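*Asks:* Submitted below is the structure of interest, expressed as C-alpha cells.
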Protein chains: 2
Amino acid sequence: MDWKIRTSDRDVERISTRGNRFLVGNGYLGIRGTLEEYRKEQLPAVNLAGIFDQVGDSWREPLNAPNGLYTYVKVDGEAYGLPGQEPLEHEMVLDYRNALFSRKTSWKTGRGVVTVISERFASRAEVHLIGMKYTVTADFHADVELYTGIDGNVWEINGPHYRQMEAQVLENRAEITAITQEKGDTVTVMEAVCADFPHGSEGSWRNKEALHKYEFVTEPGRAYQIRKGIVVFTSKDAGWSKERAGQVLEEFSDSGYEAEKQKHRQAWEEKWRYGQVLVEGDDQAMEALNYSLYHLLSIAPAHAKSMSIPARGLSGQTYKGAVFWDTEMFMLDYFLFTDPAVARTLMKYRVDTLGGAKQKAAQYGWEGAYYAWESQEGGYDACTDYNVVDVFTGRPMRTFFRDKQYHISAAIVYGIMRYSHITGDDSLLKEGGLETVIECARFYYSLLLKRAGGTRYEIHDVIGPDEYHERVNNNAYTNRMAKYTFQMAVELLTGLDRFGDRVKESIEQQYRVPKLLEQFEDAAEHLYVPAPDEQGIIEQFDGYGNLEDVFVDQVRSRLLHEKEYWGGAYGVASQTKVIKQADVVTMLNLFSDEYPEDICLKNWKYYEPRTEHGSSLSACMYAMLACKCGMPREAYPFFVKSARADLNDGGKEWAGLIYIGGTHPAASGGAYMTAVEGFGGVSFTEGKLKVKPQLPENWKRMKFHICCGGKRYAVDIRPEETTVEEVEE
Amino acid sequence: MDWKIRTSDRDVERISTRGNRFLVGNGYLGIRGTLEEYRKEQLPAVNLAGIFDQVGDSWREPLNAPNGLYTYVKVDGEAYGLPGQEPLEHEMVLDYRNALFSRKTSWKTGRGVVTVISERFASRAEVHLIGMKYTVTADFHADVELYTGIDGNVWEINGPHYRQMEAQVLENRAEITAITQEKGDTVTVMEAVCADFPHGSEGSWRNKEALHKYEFVTEPGRAYQIRKGIVVFTSKDAGWSKERAGQVLEEFSDSGYEAEKQKHRQAWEEKWRYGQVLVEGDDQAMEALNYSLYHLLSIAPAHAKSMSIPARGLSGQTYKGAVFWDTEMFMLDYFLFTDPAVARTLMKYRVDTLGGAKQKAAQYGWEGAYYAWESQEGGYDACTDYNVVDVFTGRPMRTFFRDKQYHISAAIVYGIMRYSHITGDDSLLKEGGLETVIECARFYYSLLLKRAGGTRYEIHDVIGPDEYHERVNNNAYTNRMAKYTFQMAVELLTGLDRFGDRVKESIEQQYRVPKLLEQFEDAAEHLYVPAPDEQGIIEQFDGYGNLEDVFVDQVRSRLLHEKEYWGGAYGVASQTKVIKQADVVTMLNLFSDEYPEDICLKNWKYYEPRTEHGSSLSACMYAMLACKCGMPREAYPFFVKSARADLNDGGKEWAGLIYIGGTHPAASGGAYMTAVEGFGGVSFTEGKLKVKPQLPENWKRMKFHICCGGKRYAVDIRPEETTVEEVEE
C-alpha cells in the first residue's frame, strides 16, 4: 500500500460530494477535496473550526472562509475547467500519509493540449497556513490567462453568513475580510502569490472575487507555475492580526512552498509515528484503517486547549458543525491512546461548556447539567425541535433529539472519567471535571421517577441511541449510563482527598457533599436497568418486546417514498422491532464485564437482523461486541464497514435539497477501536494496560502504540507472541 | 310547537344520512328514518343494542337486523320509489312526541298519479315489536304489484356479519333467522302482514329477500293498505323464542295496528310526563331541547337491568356501537333526574363489566380497573391502536385513545357516586359498586409517579379530553378526576358501616382496607393538580403554556387536506394551544365549587377561542360553565349548538369512504344539563335539591321534574317566583 487514494472520475457531482474523501485539514480548518476552478455550486469549502453564524431562523452553522484556492485558466480566450470542458485525462490523488491533495487534468483545445497540475496542503506546522501550487503546461504556443485569488462567493447551506466583505488586491497580494451576520465576527483570508511568469499581474475586485490575472504565451512543454501561501484567521483567534498574517506570508514567500511543505510533512510524520496502526497480511484493511486515522488526525484540534470535533469533522456545514456524543463515545479512544493532549483538549471543551449545559437543564426544568445534543460555542445547543421534514406534506416534523436524548450527559462523564482513568491525570478533574461529573449526576437524579409504593427508580420518556423509537421508558442504554454517572460521582465524592485540600474545599463549599453522596448512592443502587429475560434478551425499552417482530428488509419494503423518515410517531420502523443502530449492543459493549459472554452473544444475534445500521455509529459497536464474544470473523465485515465509511459510495448525501454528506469521524474512531480494542484486545484495568489479541484470520501481525498512565507502549502482536514495550520519548 | 320535524327534501343521500334525524327507537332497537323501499346502499338499519360481531381483523361492531320494513310498489310494471323516480311530492315527518315516523310520496305515472303513505313505530310497550302501515292510492285503475317482506341484505360497515340465513315464507307470514360470524349468535326477524286486498299473496325467498307479492287493480281514489307487525329477537334475549314471537304477532294481528300504536303512545306519554322540559317564550329552544330528550328516551335501555348507551345511540354501526365516557359525563344526569331506574341500569352495566376493566388494566401492567375506552359486551375494549388513517399516506396512524386516555375509569366512579349521592340508593354500591370504585382507585394509584426527592404525585403520558395533544404529563382534568376517585374511595372505605355487616365483611375479606385507606388518603392529598397561574389560567398540561399561541382559524388555514387529522404527533393543532374540546373547562365545570368565579371566568375566556369544538361534547361544557359564571347570555349559543346537534346539517358524516355519522346523545344530554342545571340552576348538596335559576332573557317560564333522594319534584321557574313541589306518584 502506498498511503494514497486516487480517482479518475470526471463526474462533477461526484467530485463535489467526494470533496469529503479527498479532504485535507489540520484541526483548524478543513479543505474539501474539490478542484481549484470550482464555484460554490460545486461545493468547495475552507471550513473553519469553532466559529458559527446564524441567519434569521435558519440553522446556526459553522463558517466557510472565502476560498483562497480559487484559480482557473483560459486558453485562447476560453476557460478550461470542470464542469464545462470534457477533459482528455483527469486524476485526483490524496496522499494521506503526507496530507497532500493533488490533481492533474488535460484538455484538448483547438490548437493543442493544455494540462493543469496542482497540489495543496493545510499546513500541520502552522494551522493558519494553506500552501498551494498550480502549474499550466501546453504543447503549443497557447495564449494563457491565469486567474487566481480569493473567491468570496462561498458555498453555504443556511447563509449568507457574511453581511459585508472588504477586499484589497495588490500586485501578488490579496485579502478579503468578511463580517458575519449574527455577531459581527470577522474572517480574514490573505494570500501571497509567487509567479515565475514574464509579466506581472492585473488585480481586480468585483463580484466578491479578489483576483489576479496573469497573461502569457506558453513555450510548448514548458511548465508555468504559481505558488500561493494563504493565511486564514478570524477575530476569535487570539493573537492574530493582519500584521502577523503578513509575516507568515512573508516567510512563506521567502522560504518557499517546498520548505513549508517539508515542515508540514515532518509534522505529519510526527503524528504517524505513534498514530499509525500497521497490519501485515491485509493491505486493504490497513489502508482503510489508516485512511480513517488520517481523517481523525486531520480534524484533531491539536492547536487548541479546549475544543472538540464536529460530527462531520471539518468537511462542511452539515450537522451544523456541531459536536455530538460521537466525540466521547467513538473518537476519544484514538486520541487517548495516541495523543492524550488532544483527548484532554476534547474533554476540556466539555468542562468549559458546563455553563451551557446547566442552562439547558434549567430550560427544561431539570437540575444540574444537560449537555447539548448538538453543541456549538459555549455549549449552545444547535439542535432544533424540528429536525426532519415530512416528505409527504413538506412540513417540519417535531422531533425529540434535543429534549429527550438524555444519554448525552453521561457520554461527557464517560469521556472525562475515561481520560482520568487511562491517563492517570487528575488535572482535568481538578479544573472543572469534578463539577461536571457532579452536575451531570444531579441532572440524572432530577430525572428519576418512582412509582407510588415502588422501590426502584425509572427514567421515562427518552430517546436512546436508536432514534427511531421516540419517547420510550427505561431505555436500557440510557438507564445504565445514568447509573454509571451516579457510580462515577460517588467514586469522586468519596475520594475527594486525592485532589488536595484546595479542590476538596472548593467542592465542599459548592455542594452539600454528604447529601449528594446519599442521593447518588441510593440512585446507583436502585435505578432500574432492564435485565436479560428468560431467553437472555435485554429489552431495549419497556414494551419493545410487544412491537411487531419484522426484519429490516420487510420494513424497507413498506416505504412509500425513498426519503421518508423511518422513525417518529408514524415511521415504518416505529411500531416494529427494527432499530436504527446499536442500542442494547452499545450498552453491552461498554459494560461487557458485567454480563456473561452468552448474554452478549444472544443479544448480538437477536438485535443484529433487526438493526438498520442507519447510522455510521452502529457497525463498530457490533464489531466490538462480536470481538468480545470471541467472534473476530463475525466482527470483520462490520469493521470494514466502519473503516470504509468515507471510502465507499452509496452513503446518504442528500436529504431532499439539503446536502447532508460529510466525513464520518465517529466511524473512523469506531474502526480504530475495533482494530485495537477488538482485534488487538487492548483494555485497561485500574489504569493497567492489558492486551489479549484475537486477530482476523489473515492478519499476520499488528503493530501500534498505546499511551496509558503517562507512558507510551509499543504493542507488537504476532501469532506466536505479543510484546508490549515501553517507549522512551 | 307541534313536537314534529318535517322535510320535503328529495335528495337521496341526504335522506340516507338524515336517517339519524328521523330515527325511531325504544332502547332495544333503533330504526333509521329512511324509506321503506331503501336497499342497503341507502343506509337503512334496524340497529340492535348490545349484540356485536367481528369479521376478521375489521372493527367489531353492532348488528343491524334484517329489515322487516322493506316494501315497495310497482305500477303498470314499473317500480316507484326513491332513488329512481322523481316524485311529484314528498314529505317525511317525525312526530317525536309519539315517536312515529311517517312519509307521503306521490309520483306521476304514465296513466295517472300514485301515492304512497306509510307510518311506523318501534313499540315502547313491547320493545321487540315494530308496527308499520303502508297505503297505496292511485287516481286511476292502476295495475299494482305491492312487495313487502324482510330484506336480508343489511347495510354493514365492517361486515358481512351473517354467515348464514334461514328463511320461511308463508301466506302473510315470513321470517329470517341470521347467524353471526364470530360467535354464531342468531338474529330472528318475523313478520305478520294484514292486507285488505282482493287476492292473497305469492311468497318467495331469493337474493336474501323473503317477500310477499300482492297484485291488484286499484279503484281510483281508494286506499289499499297493509299493516305489518315485525318482531325482532336474538339468541341473547333470555325468554325469547319463535313461539313467543309468534304469539306477539298473533296478538298484533288480533288487536290490530291502531291498538298497538295506542299502547305505544301511552307508554311514551308516560315518559314525557316527567321527562319533558317546558319553556315559555322560546319555542325554538324548547323544540330543540325536547327533540334532544326524545333521542335520549329512544335509546334508554328501560327494558334492561344492566345495559348502557352507545355514543351514537342506536343510529347504526358508527363508533362500533360502543359505550364511551359520554354516558356517565353527558347522558347520565337526564336519566338520574327523570328516571333513576334507567340511570341505575346504565351504571350497573359498568359494575357488571368490572372484569373486563380489570383485564385491561392487567394487560397494560396496571393494578385495579382500567375501563374500556370503547366498551362492548363484557367491557371488551373495541378501541384499536390505530383509529385514524393518514390522508397523505393512507397508512393507519398509531393513536393512544385506548392505552392512555386514563380518565375513563374516573368517569365510571363519577357515575356510580353521582347515582348514589343523588338517589340516596346504596343498592348499586352494595351490588358491586363498592368494588368498582376501589378497583378504579387502585388503578390510579398504580399510575402515580413521584420524582426522586419530590413530595407530590404526578400522572404522566396521558391523553385528556382534548385528544389533539397526546402523551402529556399532568393533564389537569385527568389528575383532578384521579384525585376525585381517591376521595370517593376514601369516603366509601371510611363509611363501610352504613352498608351493613355482610357488605363490610365482604370488602374486608377482599381488601386490606387500612392499607388501601392509607394509600388513597396519601394519594388524594399529594396528587398534583395544576393550579391557576398568576393570570389565573390553569395550564391544561405540563408545557401547554409553551406551545404556539394561535387561534382556531389560523390552525385551520394550515390544513393541506380537509380531512387530515388535527392531532397526533404532527397534526396542525398538536404543537399549538388549539384544543379539540373543553378540557380545563370541563374540570372547572365539575369542580366549580373549588374555584372562585373569576378563575372560572378567566379560563373560560382563555380557552374558548382556542377550542375547535371538534367534538359534540364540547359546547355544553362551555355553556354550563358560562352559567356558573353568571353568563346565561354567553351560554345560550353553546346550548343551542348542543341541542341542535342532530337537527343541523353540516356535521361530519363521512371520513373518506367510511360513514361516521349518527345521533349525538351526549350533546342531547349536554343540552339537558345546560337547561336544567345551567339555566335552571339545579344542584344538590348532600342529597338536597337546590334550584337557583338564571334563565336566558326571553325565557318566560321553565317547568320540569327532578328526582332526588327517592322523591320526585315539580319545578316551576318564573321570573317572579320559583316553586319546587314534591309530586305524589
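In the C-alpha cells, chains take letters A, B, ... by order of appearance, with residues numbered from 1 within each chain and ligands from 1 in the order shown.
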Dump as JSON lines the rows for residues of chain A within 8 Å of chain B: closest atom pair and distance in Å with one decimal, only C-alpha atoms counted, ordered by chain and rising residue number.

*Replies:*
```
{"residue": "A:Phe392", "atom": "CA", "partner": "B:Phe392", "partner_atom": "CA", "distance": 6.4}
{"residue": "A:Thr393", "atom": "CA", "partner": "B:Phe392", "partner_atom": "CA", "distance": 7.3}
{"residue": "A:Met397", "atom": "CA", "partner": "B:Tyr570", "partner_atom": "CA", "distance": 6.2}
{"residue": "A:Arg398", "atom": "CA", "partner": "B:Tyr570", "partner_atom": "CA", "distance": 6.8}
{"residue": "A:Tyr445", "atom": "CA", "partner": "B:Ala452", "partner_atom": "CA", "distance": 6.8}
{"residue": "A:Ser446", "atom": "CA", "partner": "B:Ala452", "partner_atom": "CA", "distance": 6.6}
{"residue": "A:Leu447", "atom": "CA", "partner": "B:Arg451", "partner_atom": "CA", "distance": 7.2}
{"residue": "A:Leu448", "atom": "CA", "partner": "B:Ala452", "partner_atom": "CA", "distance": 5.4}
{"residue": "A:Leu449", "atom": "CA", "partner": "B:Arg451", "partner_atom": "CA", "distance": 4.5}
{"residue": "A:Lys450", "atom": "CA", "partner": "B:Lys450", "partner_atom": "CA", "distance": 5.2}
{"residue": "A:Arg451", "atom": "CA", "partner": "B:Leu449", "partner_atom": "CA", "distance": 4.5}
{"residue": "A:Ala452", "atom": "CA", "partner": "B:Leu448", "partner_atom": "CA", "distance": 5.4}
{"residue": "A:Tyr457", "atom": "CA", "partner": "B:Ala452", "partner_atom": "CA", "distance": 7.8}
{"residue": "A:Leu560", "atom": "CA", "partner": "B:Thr393", "partner_atom": "CA", "distance": 7.7}
{"residue": "A:Ala569", "atom": "CA", "partner": "B:Ala569", "partner_atom": "CA", "distance": 6.1}
{"residue": "A:Tyr570", "atom": "CA", "partner": "B:Met397", "partner_atom": "CA", "distance": 6.2}
```

*Asks:* Using only C-alpha atoms, determine which residues lie at most 12 Å from range 11-17 of chain B, disregarding the query and same-chain residues fewer than 3 positions distant; provide the list as a JSON list (two decimals) with N, CA and C atoms, in the first residue's frame.

*Replies:*
```
[["chain", "number", "residue", "atom", "x", "y", "z"],
["B", 6, "ARG", "N", -90.09, 17.95, 10.05],
["B", 6, "ARG", "CA", -90.54, 17.58, 8.70],
["B", 6, "ARG", "C", -89.42, 17.85, 7.71],
["B", 7, "THR", "N", -89.49, 17.15, 6.60],
["B", 7, "THR", "CA", -88.63, 17.55, 5.48],
["B", 7, "THR", "C", -89.29, 17.16, 4.17],
["B", 8, "SER", "N", -89.12, 18.01, 3.16],
["B", 8, "SER", "CA", -89.57, 17.68, 1.81],
["B", 8, "SER", "C", -88.37, 17.44, 0.90],
["B", 20, "ASN", "N", -80.59, 9.39, 10.76],
["B", 20, "ASN", "CA", -80.39, 9.65, 12.18],
["B", 20, "ASN", "C", -81.47, 10.58, 12.73],
["B", 21, "ARG", "N", -81.78, 11.58, 11.92],
["B", 21, "ARG", "CA", -82.64, 12.64, 12.43],
["B", 21, "ARG", "C", -84.08, 12.16, 12.61],
["B", 22, "PHE", "N", -84.48, 11.25, 11.72],
["B", 22, "PHE", "CA", -85.87, 10.76, 11.75],
["B", 22, "PHE", "C", -85.95, 9.38, 12.39],
["B", 23, "LEU", "N", -84.95, 9.08, 13.18],
["B", 23, "LEU", "CA", -84.88, 7.78, 13.84],
["B", 23, "LEU", "C", -86.02, 7.56, 14.83],
["B", 32, "ARG", "N", -83.48, 3.53, 11.60],
["B", 32, "ARG", "CA", -83.10, 4.76, 10.91],
["B", 32, "ARG", "C", -84.27, 5.26, 10.07],
["B", 33, "GLY", "N", -84.46, 6.57, 10.04],
["B", 33, "GLY", "CA", -85.60, 7.18, 9.37],
["B", 33, "GLY", "C", -85.41, 7.26, 7.87],
["B", 34, "THR", "N", -85.22, 6.10, 7.26],
["B", 34, "THR", "CA", -85.11, 6.04, 5.80],
["B", 34, "THR", "C", -86.40, 5.46, 5.24],
["B", 35, "LEU", "N", -86.48, 5.33, 3.94],
["B", 35, "LEU", "CA", -87.74, 4.94, 3.30],
["B", 35, "LEU", "C", -87.85, 3.42, 3.17],
["B", 36, "GLU", "N", -89.09, 2.94, 3.04],
["B", 36, "GLU", "CA", -89.35, 1.50, 3.03],
["B", 36, "GLU", "C", -88.68, 0.82, 1.85],
["B", 37, "GLU", "N", -88.58, 1.55, 0.73],
["B", 37, "GLU", "CA", -88.04, 0.92, -0.47],
["B", 37, "GLU", "C", -86.52, 0.91, -0.50],
["B", 38, "TYR", "N", -85.90, 1.49, 0.53],
["B", 38, "TYR", "CA", -84.44, 1.62, 0.50],
["B", 38, "TYR", "C", -83.74, 0.27, 0.62],
["B", 39, "ARG", "N", -82.68, 0.14, -0.19],
["B", 39, "ARG", "CA", -81.79, -1.02, -0.12],
["B", 39, "ARG", "C", -80.55, -0.61, 0.67],
["B", 40, "LYS", "N", -79.66, -1.53, 0.91],
["B", 40, "LYS", "CA", -78.54, -1.26, 1.83],
["B", 40, "LYS", "C", -77.67, -0.09, 1.37],
["B", 41, "GLU", "N", -77.66, 0.18, 0.06],
["B", 41, "GLU", "CA", -76.86, 1.30, -0.42],
["B", 41, "GLU", "C", -77.35, 2.64, 0.13],
["B", 42, "GLN", "N", -78.64, 2.69, 0.51],
["B", 42, "GLN", "CA", -79.19, 3.94, 1.05],
["B", 42, "GLN", "C", -79.23, 3.95, 2.57],
["B", 43, "LEU", "N", -78.49, 3.03, 3.20],
["B", 43, "LEU", "CA", -78.24, 3.04, 4.65],
["B", 43, "LEU", "C", -79.49, 2.92, 5.53],
["B", 44, "PRO", "N", -80.41, 2.00, 5.21],
["B", 44, "PRO", "CA", -81.48, 1.73, 6.17],
["B", 44, "PRO", "C", -80.88, 0.86, 7.28],
["B", 45, "ALA", "N", -81.45, 0.87, 8.47],
["B", 45, "ALA", "CA", -80.95, -0.04, 9.50],
["B", 45, "ALA", "C", -81.97, -0.23, 10.60],
["B", 81, "GLY", "N", -90.25, 4.58, -6.44],
["B", 81, "GLY", "CA", -89.57, 4.75, -5.15],
["B", 81, "GLY", "C", -88.43, 5.73, -5.31],
["B", 82, "LEU", "N", -87.78, 5.97, -4.19],
["B", 82, "LEU", "CA", -86.58, 6.81, -4.18],
["B", 82, "LEU", "C", -85.43, 5.91, -3.77],
["B", 83, "PRO", "N", -84.30, 5.97, -4.39],
["B", 83, "PRO", "CA", -83.99, 6.75, -5.59],
["B", 83, "PRO", "C", -84.59, 6.07, -6.83],
["B", 84, "GLY", "N", -84.70, 6.78, -7.88],
["B", 84, "GLY", "CA", -85.21, 6.19, -9.12],
["B", 84, "GLY", "C", -86.17, 7.16, -9.74],
["B", 85, "GLN", "N", -87.41, 7.18, -9.21],
["B", 85, "GLN", "CA", -88.42, 8.05, -9.80],
["B", 85, "GLN", "C", -88.49, 9.39, -9.07],
["B", 86, "GLU", "N", -88.43, 10.43, -9.83],
["B", 86, "GLU", "CA", -88.56, 11.77, -9.26],
["B", 86, "GLU", "C", -90.03, 11.94, -8.83],
["B", 87, "PRO", "N", -90.26, 12.24, -7.56],
["B", 87, "PRO", "CA", -91.66, 12.33, -7.11],
["B", 87, "PRO", "C", -92.31, 13.65, -7.47],
["B", 90, "HIS", "N", -93.13, 14.93, -1.94],
["B", 90, "HIS", "CA", -92.51, 14.00, -0.98],
["B", 90, "HIS", "C", -92.40, 14.69, 0.35],
["B", 91, "GLU", "N", -92.79, 14.01, 1.39],
["B", 91, "GLU", "CA", -92.62, 14.58, 2.73],
["B", 91, "GLU", "C", -92.36, 13.46, 3.74],
["B", 92, "MET", "N", -91.46, 13.75, 4.67],
["B", 92, "MET", "CA", -91.21, 12.85, 5.79],
["B", 92, "MET", "C", -91.48, 13.65, 7.06],
["B", 93, "VAL", "N", -92.11, 12.99, 8.03],
["B", 93, "VAL", "CA", -92.43, 13.66, 9.29],
["B", 93, "VAL", "C", -92.02, 12.74, 10.45],
["B", 103, "ARG", "N", -94.24, 8.95, 6.14],
["B", 103, "ARG", "CA", -93.81, 9.54, 4.87],
["B", 103, "ARG", "C", -95.02, 9.54, 3.93],
["B", 155, "TRP", "N", -77.32, -3.31, 5.54],
["B", 155, "TRP", "CA", -76.20, -2.36, 5.45],
["B", 155, "TRP", "C", -75.25, -2.64, 6.61],
["B", 315, "SER", "N", -78.28, 4.49, 16.19],
["B", 315, "SER", "CA", -78.43, 5.02, 14.83],
["B", 315, "SER", "C", -77.56, 4.29, 13.82],
["B", 316, "GLY", "N", -76.85, 3.25, 14.24],
["B", 316, "GLY", "CA", -76.07, 2.49, 13.27],
["B", 316, "GLY", "C", -74.81, 1.93, 13.89],
["B", 646, "ASP", "N", -78.30, 17.23, 16.36],
["B", 646, "ASP", "CA", -78.86, 16.29, 15.39],
["B", 646, "ASP", "C", -79.88, 16.92, 14.47],
["B", 647, "LEU", "N", -80.08, 18.23, 14.61],
["B", 647, "LEU", "CA", -81.04, 18.91, 13.73],
["B", 647, "LEU", "C", -80.34, 19.69, 12.63],
["B", 649, "ASP", "N", -77.63, 20.60, 9.71],
["B", 649, "ASP", "CA", -76.75, 19.97, 8.73],
["B", 649, "ASP", "C", -75.32, 20.43, 8.98],
["B", 650, "GLY", "N", -74.38, 19.84, 8.27],
["B", 650, "GLY", "CA", -73.01, 20.34, 8.33],
["B", 650, "GLY", "C", -72.13, 19.55, 9.26],
["B", 651, "GLY", "N", -72.70, 18.62, 10.02],
["B", 651, "GLY", "CA", -71.83, 17.75, 10.83],
["B", 651, "GLY", "C", -70.99, 16.87, 9.93],
["B", 652, "LYS", "N", -69.97, 16.29, 10.54],
["B", 652, "LYS", "CA", -69.03, 15.44, 9.80],
["B", 652, "LYS", "C", -69.62, 14.05, 9.70],
["B", 653, "GLU", "N", -70.05, 13.63, 8.52],
["B", 653, "GLU", "CA", -70.71, 12.35, 8.43],
["B", 653, "GLU", "C", -69.93, 11.32, 7.64],
["B", 654, "TRP", "N", -68.91, 11.75, 6.95],
["B", 654, "TRP", "CA", -68.11, 10.80, 6.19],
["B", 654, "TRP", "C", -66.64, 11.06, 6.46],
["B", 659, "TYR", "N", -68.73, 5.86, 6.65],
["B", 659, "TYR", "CA", -69.80, 6.65, 7.23],
["B", 659, "TYR", "C", -69.58, 6.76, 8.73],
["B", 660, "ILE", "N", -69.43, 7.98, 9.24],
["B", 660, "ILE", "CA", -69.22, 8.13, 10.68],
["B", 660, "ILE", "C", -70.33, 8.95, 11.31],
["B", 661, "GLY", "N", -71.40, 9.17, 10.55],
["B", 661, "GLY", "CA", -72.50, 9.95, 11.08],
["B", 661, "GLY", "C", -73.29, 9.17, 12.11],
["B", 662, "GLY", "N", -74.26, 9.82, 12.68],
["B", 662, "GLY", "CA", -75.09, 9.16, 13.68],
["B", 662, "GLY", "C", -75.63, 10.22, 14.62],
["B", 663, "THR", "N", -76.48, 9.79, 15.54],
["B", 663, "THR", "CA", -77.00, 10.74, 16.51],
["B", 663, "THR", "C", -75.95, 11.07, 17.56]]
```

*Asks:* Just to confirm, what's the straight-line distance from CA of His212 in chain B to CA of Val75 in chain B in Å (one decimal)?

*Replies:*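 A separation of 16.0 Å between them.
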
*Asks:* For Thr186 in chain A, find every residue with an atom within 9 Å (counting only C-alpha atoms), except residues of its own chain fewer than 2 positions away, and show them as a count of residues only.

*Replies:* 11

*Asks:* Using DSSP on the backbone coordinates, identify all residues within range 576-666 of chain B classified as alpha helix (DSSP H); present the result as an mmCIF file with C-alpha atoms, in the first residue's frame.

*Replies:*
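Result written to states.cif:
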```
data_model
loop_
_atom_site.group_PDB
_atom_site.id
_atom_site.type_symbol
_atom_site.label_atom_id
_atom_site.label_comp_id
_atom_site.auth_asym_id
_atom_site.auth_seq_id
_atom_site.Cartn_x
_atom_site.Cartn_y
_atom_site.Cartn_z
ATOM 1 C CA VAL B 584 -59.742 22.550 31.719
ATOM 2 C CA VAL B 585 -63.247 23.956 31.269
ATOM 3 C CA THR B 586 -64.728 20.503 31.846
ATOM 4 C CA MET B 587 -62.656 20.176 35.002
ATOM 5 C CA LEU B 588 -63.786 23.584 36.255
ATOM 6 C CA ASN B 589 -67.361 22.748 35.456
ATOM 7 C CA LEU B 590 -67.256 19.580 37.542
ATOM 8 C CA GLU B 597 -65.866 32.516 39.959
ATOM 9 C CA ASP B 598 -63.229 34.818 38.469
ATOM 10 C CA ILE B 599 -60.907 31.867 37.906
ATOM 11 C CA CYS B 600 -63.680 30.017 36.106
ATOM 12 C CA LEU B 601 -64.391 33.074 34.032
ATOM 13 C CA LYS B 602 -60.749 33.729 33.138
ATOM 14 C CA ASN B 603 -60.252 30.176 31.993
ATOM 15 C CA TRP B 604 -63.489 30.198 30.047
ATOM 16 C CA LYS B 605 -62.359 33.312 28.218
ATOM 17 C CA TYR B 606 -58.842 31.988 27.711
ATOM 18 C CA TYR B 607 -59.698 28.577 26.369
ATOM 19 C CA SER B 618 -67.515 20.473 23.938
ATOM 20 C CA ALA B 619 -70.259 23.082 23.599
ATOM 21 C CA CYS B 620 -72.326 22.056 26.630
ATOM 22 C CA MET B 621 -69.299 22.276 28.944
ATOM 23 C CA TYR B 622 -68.738 25.857 27.835
ATOM 24 C CA ALA B 623 -72.474 26.505 28.184
ATOM 25 C CA MET B 624 -72.619 25.165 31.705
ATOM 26 C CA LEU B 625 -69.516 26.914 32.943
ATOM 27 C CA ALA B 626 -70.806 30.158 31.429
ATOM 28 C CA CYS B 627 -73.950 29.722 33.523
ATOM 29 C CA LYS B 628 -71.827 29.096 36.606
ATOM 30 C CA PRO B 632 -76.578 32.832 30.570
ATOM 31 C CA ARG B 633 -76.355 35.097 27.538
ATOM 32 C CA GLU B 634 -72.894 33.716 26.662
ATOM 33 C CA ALA B 635 -74.092 30.203 27.435
ATOM 34 C CA TYR B 636 -77.094 30.396 25.114
ATOM 35 C CA PRO B 637 -75.376 29.852 21.705
ATOM 36 C CA PHE B 638 -73.468 26.863 23.124
ATOM 37 C CA PHE B 639 -76.726 25.496 24.490
ATOM 38 C CA VAL B 640 -78.369 25.840 21.079
ATOM 39 C CA LYS B 641 -75.389 24.164 19.420
ATOM 40 C CA SER B 642 -75.715 21.200 21.754
ATOM 41 C CA ALA B 643 -79.478 20.944 21.474
ATOM 42 C CA PRO B 665 -76.874 11.640 22.517
ATOM 43 C CA ALA B 666 -74.053 13.174 24.586
#
```

*Asks:* With distances taken over only C-alpha atoms, which of B:Ala410, B:His161, B:Ala167, B:Arg10 is nearest to Ser106 in chain B?

*Replies:* B:Arg10

*Asks:* Skip range 111-119 of chain B itself and residues of its chain fewer than 3 positions away, then list as number ranges by chain all residues within 6 Å of it, counting only C-alpha atoms.

*Replies:* B: 101-108, 132-140

*Asks:* Using only C-alpha atoms, which protein or nucleic acid residues come within 12 Å of Gly246 in chain A? Drop anything in the same chain fewer than 5 positions from it, and give the result as a ChimeraX atom specification.

*Replies:* /A:128-129,173-175,188-192,229-233,240-241,251-253
